[in-house]
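Chemist: Have a peek at structure_3.pdb (PDB, C-alpha atoms, pLDDT in the B column).
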ATOM      1  CA  MET A   1       0.000   0.000   0.000  1.00 61.00           C
ATOM      2  CA  ILE A   2       2.908   2.337   0.566  1.00 71.00           C
ATOM      3  CA  VAL A   3       3.569   2.508  -3.183  1.00 68.00           C
ATOM      4  CA  LEU A   4       0.277   4.391  -3.532  1.00 75.00           C
ATOM      5  CA  PHE A   5       2.018   7.346  -1.896  1.00 78.00           C
ATOM      6  CA  GLY A   6       2.775   8.496  -5.445  1.00 79.00           C
ATOM      7  CA  ILE A   7      -0.918   9.315  -5.876  1.00 84.00           C
ATOM      8  CA  LEU A   8      -0.688  11.700  -2.930  1.00 85.00           C
ATOM      9  CA  VAL A   9       2.269  13.366  -4.639  1.00 84.00           C
ATOM     10  CA  VAL A  10       0.137  13.912  -7.753  1.00 86.00           C
ATOM     11  CA  VAL A  11      -2.786  15.291  -5.742  1.00 88.00           C
ATOM     12  CA  ALA A  12      -0.534  17.605  -3.722  1.00 88.00           C
ATOM     13  CA  GLY A  13       1.259  18.800  -6.845  1.00 86.00           C
ATOM     14  CA  PHE A  14      -1.906  19.699  -8.727  1.00 83.00           C
ATOM     15  CA  ALA A  15      -3.425  21.266  -5.605  1.00 87.00           C
ATOM     16  CA  THR A  16      -0.410  23.591  -5.345  1.00 87.00           C
ATOM     17  CA  ARG A  17      -0.485  24.241  -9.135  1.00 83.00           C
ATOM     18  CA  ARG A  18       2.983  22.950  -9.893  1.00 83.00           C
ATOM     19  CA  ASN A  19       4.303  21.999 -13.309  1.00 83.00           C
ATOM     20  CA  PRO A  20       2.313  18.910 -14.456  1.00 80.00           C
ATOM     21  CA  LEU A  21       5.330  17.305 -16.140  1.00 76.00           C
ATOM     22  CA  LEU A  22       7.404  17.741 -12.989  1.00 84.00           C
ATOM     23  CA  ILE A  23       4.590  16.346 -10.824  1.00 87.00           C
ATOM     24  CA  VAL A  24       4.200  13.190 -12.883  1.00 82.00           C
ATOM     25  CA  GLY A  25       7.950  12.676 -13.045  1.00 84.00           C
ATOM     26  CA  VAL A  26       8.412  13.037  -9.296  1.00 87.00           C
ATOM     27  CA  ALA A  27       5.410  10.779  -8.611  1.00 86.00           C
ATOM     28  CA  GLY A  28       6.869   8.115 -10.890  1.00 84.00           C
ATOM     29  CA  VAL A  29      10.241   8.252  -9.175  1.00 86.00           C
ATOM     30  CA  VAL A  30       8.684   8.124  -5.701  1.00 85.00           C
ATOM     31  CA  THR A  31       6.454   5.180  -6.625  1.00 85.00           C
ATOM     32  CA  SER A  32       9.375   3.288  -8.173  1.00 84.00           C
ATOM     33  CA  LEU A  33      11.642   3.808  -5.189  1.00 83.00           C
ATOM     34  CA  LEU A  34       8.900   2.792  -2.734  1.00 83.00           C
ATOM     35  CA  GLY A  35       8.403  -0.322  -4.883  1.00 81.00           C
ATOM     36  CA  LYS A  36      12.057  -1.170  -4.195  1.00 81.00           C
ATOM     37  CA  LEU A  37      13.275  -0.624  -7.742  1.00 82.00           C
ATOM     38  CA  SER A  38      16.892   0.333  -8.248  1.00 84.00           C
ATOM     39  CA  SER A  39      17.833   3.705  -9.703  1.00 82.00           C
ATOM     40  CA  MET A  40      18.969   2.036 -12.932  1.00 84.00           C
ATOM     41  CA  LYS A  41      15.609   0.307 -13.361  1.00 84.00           C
ATOM     42  CA  VAL A  42      13.809   3.604 -12.740  1.00 81.00           C
ATOM     43  CA  LEU A  43      15.948   5.291 -15.382  1.00 82.00           C
ATOM     44  CA  ALA A  44      15.366   2.389 -17.782  1.00 84.00           C
ATOM     45  CA  ALA A  45      11.580   2.654 -17.252  1.00 79.00           C
ATOM     46  CA  PHE A  46      11.636   6.362 -18.093  1.00 76.00           C
ATOM     47  CA  GLY A  47      13.746   5.686 -21.178  1.00 78.00           C
ATOM     48  CA  THR A  48      11.458   2.896 -22.377  1.00 79.00           C
ATOM     49  CA  GLY A  49       8.368   5.039 -21.866  1.00 71.00           C
ATOM     50  CA  PHE A  50       9.921   7.942 -23.753  1.00 68.00           C
ATOM     51  CA  ALA A  51      11.022   5.727 -26.651  1.00 68.00           C
ATOM     52  CA  SER A  52       7.614   4.043 -26.982  1.00 67.00           C
ATOM     53  CA  SER A  53       5.737   7.363 -27.059  1.00 64.00           C
ATOM     54  CA  ARG A  54       8.286   9.575 -28.776  1.00 60.00           C
ATOM     55  CA  SER A  55       5.725  10.641 -31.391  1.00 59.00           C
ATOM     56  CA  VAL A  56       4.041  12.701 -28.650  1.00 59.00           C
ATOM     57  CA  THR A  57       7.116  14.937 -28.472  1.00 62.00           C
ATOM     58  CA  ILE A  58       6.878  15.976 -32.139  1.00 62.00           C
ATOM     59  CA  PHE A  59       5.339  19.276 -30.982  1.00 59.00           C
ATOM     60  CA  VAL A  60       8.771  20.217 -29.599  1.00 63.00           C
ATOM     61  CA  ILE A  61       9.954  20.464 -33.214  1.00 66.00           C
ATOM     62  CA  VAL A  62       6.734  21.800 -34.743  1.00 65.00           C
ATOM     63  CA  LEU A  63       6.106  24.722 -32.383  1.00 66.00           C
ATOM     64  CA  PRO A  64       9.480  26.487 -32.955  1.00 70.00           C
ATOM     65  CA  VAL A  65       8.990  26.162 -36.720  1.00 67.00           C
ATOM     66  CA  ILE A  66       5.515  27.717 -36.515  1.00 66.00           C
ATOM     67  CA  GLY A  67       6.839  30.477 -34.259  1.00 70.00           C
ATOM     68  CA  LEU A  68       9.605  31.253 -36.741  1.00 68.00           C
ATOM     69  CA  LEU A  69       7.117  31.387 -39.630  1.00 66.00           C
ATOM     70  CA  GLU A  70       4.892  33.778 -37.679  1.00 64.00           C
ATOM     71  CA  TYR A  71       7.904  35.927 -36.812  1.00 65.00           C
ATOM     72  CA  ARG A  72       8.763  36.120 -40.516  1.00 66.00           C
ATOM     73  CA  GLY A  73       5.284  37.385 -41.395  1.00 69.00           C
ATOM     74  CA  LEU A  74       3.175  34.303 -42.115  1.00 67.00           C
ATOM     75  CA  GLN A  75       0.005  35.909 -40.729  1.00 67.00           C
ATOM     76  CA  GLU A  76       0.581  39.112 -42.706  1.00 72.00           C
ATOM     77  CA  GLN A  77       1.025  37.136 -45.927  1.00 70.00           C
ATOM     78  CA  ALA A  78      -2.161  35.185 -45.201  1.00 69.00           C
ATOM     79  CA  ARG A  79      -4.052  38.458 -44.731  1.00 70.00           C
ATOM     80  CA  THR A  80      -2.620  39.835 -47.971  1.00 72.00           C
ATOM     81  CA  LEU A  81      -3.665  36.718 -49.875  1.00 69.00           C
ATOM     82  CA  ILE A  82      -7.250  36.812 -48.641  1.00 69.00           C
ATOM     83  CA  GLY A  83      -7.406  40.533 -49.416  1.00 67.00           C
ATOM     84  CA  ARG A  84      -6.910  39.741 -53.096  1.00 68.00           C
ATOM     85  CA  LEU A  85      -9.861  37.330 -53.137  1.00 69.00           C
ATOM     86  CA  GLY A  86     -12.705  39.786 -52.920  1.00 66.00           C
ATOM     87  CA  ALA A  87     -15.543  37.295 -53.391  1.00 70.00           C
ATOM     88  CA  LEU A  88     -14.406  35.037 -50.545  1.00 80.00           C
ATOM     89  CA  SER A  89     -16.217  35.914 -47.321  1.00 87.00           C
ATOM     90  CA  THR A  90     -15.392  34.661 -43.844  1.00 90.00           C
ATOM     91  CA  GLY A  91     -18.105  31.988 -43.852  1.00 91.00           C
ATOM     92  CA  ARG A  92     -17.202  30.711 -47.311  1.00 90.00           C
ATOM     93  CA  LEU A  93     -13.514  30.532 -46.444  1.00 90.00           C
ATOM     94  CA  LEU A  94     -14.156  28.520 -43.283  1.00 93.00           C
ATOM     95  CA  ALA A  95     -16.638  26.242 -45.091  1.00 94.00           C
ATOM     96  CA  ILE A  96     -13.992  25.473 -47.721  1.00 92.00           C
ATOM     97  CA  TYR A  97     -11.446  24.752 -44.999  1.00 93.00           C
ATOM     98  CA  LEU A  98     -13.973  22.456 -43.266  1.00 95.00           C
ATOM     99  CA  VAL A  99     -14.374  20.376 -46.439  1.00 94.00           C
ATOM    100  CA  LEU A 100     -10.622  20.235 -47.095  1.00 93.00           C
ATOM    101  CA  ARG A 101      -9.895  19.297 -43.494  1.00 94.00           C
ATOM    102  CA  GLN A 102     -12.474  16.523 -43.550  1.00 94.00           C
ATOM    103  CA  LEU A 103     -11.265  15.115 -46.865  1.00 93.00           C
ATOM    104  CA  SER A 104      -7.626  15.104 -45.758  1.00 92.00           C
ATOM    105  CA  ALA A 105      -8.551  13.416 -42.472  1.00 91.00           C
ATOM    106  CA  ALA A 106     -10.570  10.796 -44.368  1.00 90.00           C
ATOM    107  CA  LEU A 107      -7.405   9.988 -46.309  1.00 89.00           C
ATOM    108  CA  GLY A 108      -5.409   9.613 -43.097  1.00 86.00           C
ATOM    109  CA  LEU A 109      -3.610  12.972 -43.403  1.00 86.00           C
ATOM    110  CA  THR A 110      -4.627  14.183 -39.952  1.00 83.00           C
ATOM    111  CA  GLY A 111      -1.416  16.144 -39.447  1.00 80.00           C
ATOM    112  CA  LEU A 112      -2.031  18.603 -42.290  1.00 81.00           C
ATOM    113  CA  GLY A 113      -4.203  20.860 -40.120  1.00 83.00           C
ATOM    114  CA  GLY A 114      -4.666  21.581 -36.454  1.00 84.00           C
ATOM    115  CA  PRO A 115      -5.091  24.542 -34.084  1.00 85.00           C
ATOM    116  CA  ALA A 116      -1.354  25.160 -33.750  1.00 79.00           C
ATOM    117  CA  GLN A 117      -0.228  24.155 -37.237  1.00 80.00           C
ATOM    118  CA  ALA A 118      -2.892  25.793 -39.397  1.00 84.00           C
ATOM    119  CA  VAL A 119      -5.699  27.601 -37.553  1.00 88.00           C
ATOM    120  CA  ARG A 120      -3.713  30.116 -35.523  1.00 83.00           C
ATOM    121  CA  PRO A 121      -1.016  31.046 -38.072  1.00 81.00           C
ATOM    122  CA  MET A 122      -3.085  30.906 -41.290  1.00 84.00           C
ATOM    123  CA  VAL A 123      -6.815  30.125 -41.196  1.00 88.00           C
ATOM    124  CA  ALA A 124      -7.839  32.520 -38.406  1.00 88.00           C
ATOM    125  CA  PRO A 125      -5.865  35.518 -39.807  1.00 86.00           C
ATOM    126  CA  MET A 126      -7.337  34.897 -43.261  1.00 86.00           C
ATOM    127  CA  ALA A 127     -10.853  34.717 -41.813  1.00 89.00           C
ATOM    128  CA  GLU A 128     -10.271  37.945 -39.859  1.00 88.00           C
ATOM    129  CA  ALA A 129      -8.958  39.674 -42.979  1.00 86.00           C
ATOM    130  CA  ALA A 130     -12.069  38.656 -44.915  1.00 86.00           C
ATOM    131  CA  ALA A 131     -14.264  40.006 -42.124  1.00 87.00           C
ATOM    132  CA  GLU A 132     -12.292  43.272 -41.946  1.00 86.00           C
ATOM    133  CA  ARG A 133     -12.627  43.771 -45.712  1.00 82.00           C
ATOM    134  CA  ARG A 134     -16.401  43.512 -45.369  1.00 81.00           C
ATOM    135  CA  HIS A 135     -17.041  45.182 -42.007  1.00 80.00           C
ATOM    136  CA  GLY A 136     -14.039  47.416 -41.400  1.00 79.00           C
ATOM    137  CA  THR A 137     -12.412  47.385 -37.983  1.00 81.00           C
ATOM    138  CA  LEU A 138     -13.640  44.429 -35.934  1.00 83.00           C
ATOM    139  CA  THR A 139     -14.623  44.618 -32.319  1.00 87.00           C
ATOM    140  CA  GLU A 140     -12.999  42.237 -29.865  1.00 89.00           C
ATOM    141  CA  ARG A 141     -16.230  40.237 -29.666  1.00 89.00           C
ATOM    142  CA  MET A 142     -16.399  39.861 -33.464  1.00 90.00           C
ATOM    143  CA  ARG A 143     -12.734  38.910 -33.646  1.00 90.00           C
ATOM    144  CA  GLU A 144     -13.126  36.213 -30.990  1.00 93.00           C
ATOM    145  CA  ARG A 145     -16.200  34.855 -32.770  1.00 92.00           C
ATOM    146  CA  VAL A 146     -14.296  34.521 -36.043  1.00 93.00           C
ATOM    147  CA  ARG A 147     -11.433  32.746 -34.279  1.00 93.00           C
ATOM    148  CA  SER A 148     -13.767  30.346 -32.493  1.00 94.00           C
ATOM    149  CA  TYR A 149     -15.510  29.434 -35.756  1.00 95.00           C
ATOM    150  CA  ALA A 150     -12.123  28.852 -37.398  1.00 94.00           C
ATOM    151  CA  ALA A 151     -11.184  26.455 -34.604  1.00 94.00           C
ATOM    152  CA  SER A 152     -14.568  24.713 -34.840  1.00 95.00           C
ATOM    153  CA  ALA A 153     -14.129  24.130 -38.589  1.00 95.00           C
ATOM    154  CA  ASP A 154     -10.851  22.345 -37.911  1.00 94.00           C
ATOM    155  CA  THR A 155     -12.222  20.301 -34.995  1.00 94.00           C
ATOM    156  CA  VAL A 156     -15.415  19.159 -36.728  1.00 94.00           C
ATOM    157  CA  GLY A 157     -13.580  18.318 -39.930  1.00 93.00           C
ATOM    158  CA  LEU A 158     -10.989  16.201 -38.138  1.00 92.00           C
ATOM    159  CA  PHE A 159     -13.413  14.504 -35.737  1.00 91.00           C
ATOM    160  CA  PHE A 160     -15.829  13.258 -38.379  1.00 92.00           C
ATOM    161  CA  GLY A 161     -13.324  12.830 -41.184  1.00 91.00           C
ATOM    162  CA  GLU A 162     -10.764  10.601 -39.493  1.00 89.00           C
ATOM    163  CA  ASP A 163     -13.360   7.883 -38.789  1.00 86.00           C
ATOM    164  CA  CYS A 164     -13.654   7.340 -42.543  1.00 88.00           C
ATOM    165  CA  PHE A 165     -10.011   6.213 -42.619  1.00 86.00           C
ATOM    166  CA  LEU A 166      -9.483   2.476 -42.175  1.00 78.00           C
ATOM    167  CA  ALA A 167      -6.314   2.594 -40.095  1.00 76.00           C
ATOM    168  CA  VAL A 168      -7.290   5.275 -37.576  1.00 78.00           C
ATOM    169  CA  GLY A 169      -6.821   4.286 -33.939  1.00 75.00           C
ATOM    170  CA  SER A 170     -10.501   4.443 -32.981  1.00 75.00           C
ATOM    171  CA  ILE A 171     -11.541   2.113 -35.823  1.00 78.00           C
ATOM    172  CA  LEU A 172      -8.862  -0.436 -34.940  1.00 77.00           C
ATOM    173  CA  LEU A 173      -9.779  -0.227 -31.250  1.00 79.00           C
ATOM    174  CA  ILE A 174     -13.477  -0.868 -31.922  1.00 80.00           C
ATOM    175  CA  THR A 175     -12.843  -3.786 -34.272  1.00 81.00           C
ATOM    176  CA  GLY A 176     -10.298  -5.349 -31.928  1.00 80.00           C
ATOM    177  CA  PHE A 177     -12.567  -5.013 -28.898  1.00 78.00           C
ATOM    178  CA  ALA A 178     -15.654  -6.321 -30.721  1.00 79.00           C
ATOM    179  CA  ASN A 179     -13.832  -9.296 -32.226  1.00 78.00           C
ATOM    180  CA  ALA A 180     -12.159 -10.258 -28.939  1.00 78.00           C
ATOM    181  CA  THR A 181     -15.137  -9.699 -26.647  1.00 81.00           C
ATOM    182  CA  TYR A 182     -18.132 -10.700 -28.745  1.00 78.00           C
ATOM    183  CA  HIS A 183     -16.284 -13.164 -31.026  1.00 79.00           C
ATOM    184  CA  THR A 184     -17.551 -11.467 -34.170  1.00 79.00           C
ATOM    185  CA  HIS A 185     -15.778 -10.791 -37.426  1.00 81.00           C
ATOM    186  CA  LEU A 186     -15.989  -7.005 -37.779  1.00 78.00           C
ATOM    187  CA  GLU A 187     -13.959  -5.458 -40.580  1.00 83.00           C
ATOM    188  CA  PRO A 188     -12.569  -1.896 -40.408  1.00 81.00           C
ATOM    189  CA  THR A 189     -14.096  -1.274 -43.842  1.00 84.00           C
ATOM    190  CA  GLN A 190     -17.580  -1.728 -42.422  1.00 83.00           C
ATOM    191  CA  LEU A 191     -17.057   0.912 -39.711  1.00 83.00           C
ATOM    192  CA  ALA A 192     -15.433   3.315 -42.160  1.00 85.00           C
ATOM    193  CA  LEU A 193     -18.361   3.032 -44.563  1.00 88.00           C
ATOM    194  CA  TRP A 194     -20.873   3.638 -41.779  1.00 87.00           C
ATOM    195  CA  ALA A 195     -18.903   6.733 -40.742  1.00 88.00           C
ATOM    196  CA  ILE A 196     -19.401   8.376 -44.152  1.00 91.00           C
ATOM    197  CA  PRO A 197     -23.076   9.394 -43.589  1.00 93.00           C
ATOM    198  CA  SER A 198     -22.153  10.984 -40.257  1.00 92.00           C
ATOM    199  CA  ALA A 199     -19.300  12.870 -41.926  1.00 93.00           C
ATOM    200  CA  LEU A 200     -21.604  14.145 -44.688  1.00 94.00           C
ATOM    201  CA  CYS A 201     -24.196  15.292 -42.153  1.00 95.00           C
ATOM    202  CA  ALA A 202     -21.509  17.072 -40.143  1.00 94.00           C
ATOM    203  CA  THR A 203     -20.287  18.831 -43.286  1.00 94.00           C
ATOM    204  CA  VAL A 204     -23.768  20.039 -44.228  1.00 95.00           C
ATOM    205  CA  ILE A 205     -24.848  21.087 -40.724  1.00 95.00           C
ATOM    206  CA  HIS A 206     -21.645  22.829 -39.673  1.00 95.00           C
ATOM    207  CA  GLY A 207     -21.096  24.207 -43.173  1.00 94.00           C
ATOM    208  CA  LEU A 208     -24.454  25.983 -42.961  1.00 95.00           C
ATOM    209  CA  GLN A 209     -23.504  27.353 -39.547  1.00 94.00           C
ATOM    210  CA  LEU A 210     -20.271  28.697 -41.002  1.00 93.00           C
ATOM    211  CA  LEU A 211     -22.118  30.324 -43.897  1.00 92.00           C
ATOM    212  CA  ARG A 212     -24.507  31.952 -41.426  1.00 93.00           C
ATOM    213  CA  LEU A 213     -21.506  33.544 -39.727  1.00 92.00           C
ATOM    214  CA  ASP A 214     -21.466  36.302 -42.358  1.00 89.00           C
ATOM    215  CA  ARG A 215     -25.025  37.350 -41.471  1.00 90.00           C
ATOM    216  CA  ALA A 216     -24.251  37.227 -37.755  1.00 90.00           C
ATOM    217  CA  LEU A 217     -21.270  39.515 -38.295  1.00 89.00           C
ATOM    218  CA  ASP A 218     -23.435  41.846 -40.412  1.00 87.00           C
ATOM    219  CA  ARG A 219     -25.980  42.147 -37.601  1.00 88.00           C
ATOM    220  CA  GLU A 220     -23.341  42.692 -34.954  1.00 87.00           C
ATOM    221  CA  ASN A 221     -21.564  45.282 -37.079  1.00 83.00           C
ATOM    222  CA  ALA A 222     -24.861  47.130 -37.667  1.00 84.00           C
ATOM    223  CA  THR A 223     -25.518  47.137 -33.913  1.00 84.00           C
ATOM    224  CA  VAL A 224     -22.070  48.549 -33.228  1.00 76.00           C
ATOM    225  CA  GLN A 225     -22.473  51.276 -35.843  1.00 77.00           C
ATOM    226  CA  THR A 226     -25.920  52.237 -34.490  1.00 81.00           C
ATOM    227  CA  SER A 227     -24.547  52.437 -30.960  1.00 77.00           C
ATOM    228  CA  THR A 228     -21.608  54.541 -32.148  1.00 74.00           C
ATOM    229  CA  ALA A 229     -23.925  56.891 -34.034  1.00 72.00           C
ATOM    230  CA  LYS A 230     -26.128  57.352 -30.966  1.00 73.00           C
ATOM    231  CA  GLN A 231     -23.125  58.092 -28.792  1.00 72.00           C
ATOM    232  CA  THR A 232     -21.892  60.647 -31.343  1.00 72.00           C
ATOM    233  CA  THR A 233     -25.304  62.338 -31.490  1.00 72.00           C
ATOM    234  CA  VAL A 234     -25.541  62.490 -27.692  1.00 65.00           C
ATOM    235  CA  GLY A 235     -22.041  63.876 -27.473  1.00 67.00           C
ATOM    236  CA  ARG A 236     -22.778  66.616 -29.997  1.00 69.00           C
ATOM    237  CA  ALA A 237     -26.014  67.499 -28.213  1.00 66.00           C
ATOM    238  CA  ARG A 238     -24.227  67.829 -24.884  1.00 70.00           C
ATOM    239  CA  ALA A 239     -21.514  69.935 -26.509  1.00 67.00           C
ATOM    240  CA  GLY A 240     -24.190  72.228 -27.973  1.00 66.00           C
ATOM    241  CA  GLU A 241     -25.870  72.610 -24.582  1.00 65.00           C
ATOM    242  CA  ALA A 242     -22.556  73.427 -22.976  1.00 64.00           C
ATOM    243  CA  LYS A 243     -22.019  76.266 -25.448  1.00 59.00           C
TER     244      LYS A 243
END
Please, can you express the file's structure as structure tokens?
Modeler:
Amino acid sequence: MIVLFGILVVVAGFATRRNPLLIVGVAGVVTSLLGKLSSMKVLAAFGTGFASSRSVTIFVIVLPVIGLLEYRGLQEQARTLIGRLGALSTGRLLAIYLVLRQLSAALGLTGLGGPAQAVRPMVAPMAEAAAERRHGTLTERMRERVRSYAASADTVGLFFGEDCFLAVGSILLITGFANATYHTHLEPTQLALWAIPSALCATVIHGLQLLRLDRALDRENATVQTSTAKQTTVGRARAGEAK
């Protein structure tokens, strides 16, 4: 029972808001030592765990590259590009990205998009530029709405698109569990085919929501302009009374 002391280390660490990676590492070392493992075995366990899940650390390479691209003006170039496409509104741009994201995920290319790789440096700035071309200067509320819809297009496209790919982890997990537990012969192709109708429905439903974003921004922009005009009129009236 004493080896469970590592759980108390995790609870205490999160309660005091320490670094999560440091908490887990310390808890692992404490649990291993209380389990009477030698220091070499503890080190070997950490090395084995790191080697078996090294794909998780890819972000260590990706994030500096994205940061360097942003520093060199990736967002500005994205805004310039969308400024040249006058007929492409915010909703249409995000709807196109939704379809492309879903198709790429259905082909197993899940790493082509993502919040850090595509949405923040490219898709969101392009959507904001399209909104600014149509509505002028955006309020903070309008800007956050555009960013949230850009993130939703990526999330919905990936979530419903990857299930159409035969070798995705969820498909293999379901088939393996069903075949081992219920002794059935379930093929990944069957699950992938049944995922296509859900993906099409998600494209239509969320695509319509993205297209409605333009009207929502129009209404919000009209409200802001009306409020600004009223404030200007009141200010002029008060200035006239003061004179």
Chemist: Choose the residue, out of A:Gly157, A:Pro115, A:Pro188, A:Gly6, that has the smallest atom-to-atom separation from A:Leu172; count only C-alpha atoms.
Modeler: A:Pro188
Chemist: Using all atoms listed in the file, which residues sit within 10 Å of A:Val11 once same-chain residues fewer than 5 positions away are excluded, as a list in words?
Modeler: Gly6, Thr16, Arg17, Ile23 and Ala27 of chain A
Chemist: Just so the selection is clear, what residues does the PyMOL selection byres ((chain A and resi 168) around 10) cover here, as a PyMOL selection string?
Modeler: chain A and resi 105-108+110+162-167+169-173+188+192
Chemist: Ranking A:Arg133, A:Ala151, A:Met126, A:Leu4 by minimum distance to A:Arg101 and counting all atoms listed in the file, which one comes first?
Modeler: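 Among the listed residues, A:Ala151 lies closest to A:Arg101.
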Chemist: Within 9 Å of stretch 194-202 of chain A, counting all atoms listed in the file, which residues show up once you throw out same-chain ones fewer than 4 positions away? Write them as number ranges by chain, please.
Modeler: A: 102, 156-157, 159-161, 163-164, 189-190, 206-207
Chemist: Determine the nearest neighbour of A:Leu94 from the options A:Val123, A:Leu186, A:Leu158, A:Leu21, counting only C-alpha atoms.
Modeler: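 Between A:Val123, A:Leu186, A:Leu158, A:Leu21, the residue approaching A:Leu94 most closely is A:Val123.
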Chemist: May I have the residues within 12 Å of A:Arg145 as a ChimeraX atom specification, using only C-alpha atoms and disregarding those fewer than 3 positions away in the same chain?
Modeler: /A:90-91,124,127-128,131,138-142,148-152,210,213-214,216-217,220
Chemist: With distances taken over only C-alpha atoms, which of A:Val204, A:Leu98, A:Ala129, A:Ile174 is nearest to A:Thr155?
Modeler: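 For A:Thr155, the nearest of the given residues is A:Leu98.
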Chemist: Given the file shown, enumerate the residues that the PyMOL selection byres ((chain A and resi 42) around 10) captures and present them as a PyMOL selection string.
Modeler: chain A and resi 28-33+36-41+43-48
Chemist: A:Gly13: which residues within 10 Å, counting only C-alpha atoms, same-chain residues fewer than 3 positions away excluded, as a PDB file with C-alpha atoms, keeping the file's coordinate frame?
Modeler:
ATOM      1  CA  ILE A   7      -0.918   9.315  -5.876  1.00 84.00           C
ATOM      2  CA  LEU A   8      -0.688  11.700  -2.930  1.00 85.00           C
ATOM      3  CA  VAL A   9       2.269  13.366  -4.639  1.00 84.00           C
ATOM      4  CA  VAL A  10       0.137  13.912  -7.753  1.00 86.00           C
ATOM      5  CA  THR A  16      -0.410  23.591  -5.345  1.00 87.00           C
ATOM      6  CA  ARG A  17      -0.485  24.241  -9.135  1.00 83.00           C
ATOM      7  CA  ARG A  18       2.983  22.950  -9.893  1.00 83.00           C
ATOM      8  CA  ASN A  19       4.303  21.999 -13.309  1.00 83.00           C
ATOM      9  CA  PRO A  20       2.313  18.910 -14.456  1.00 80.00           C
ATOM     10  CA  LEU A  22       7.404  17.741 -12.989  1.00 84.00           C
ATOM     11  CA  ILE A  23       4.590  16.346 -10.824  1.00 87.00           C
ATOM     12  CA  VAL A  24       4.200  13.190 -12.883  1.00 82.00           C
ATOM     13  CA  VAL A  26       8.412  13.037  -9.296  1.00 87.00           C
ATOM     14  CA  ALA A  27       5.410  10.779  -8.611  1.00 86.00           C
TER      15      ALA A  27
END
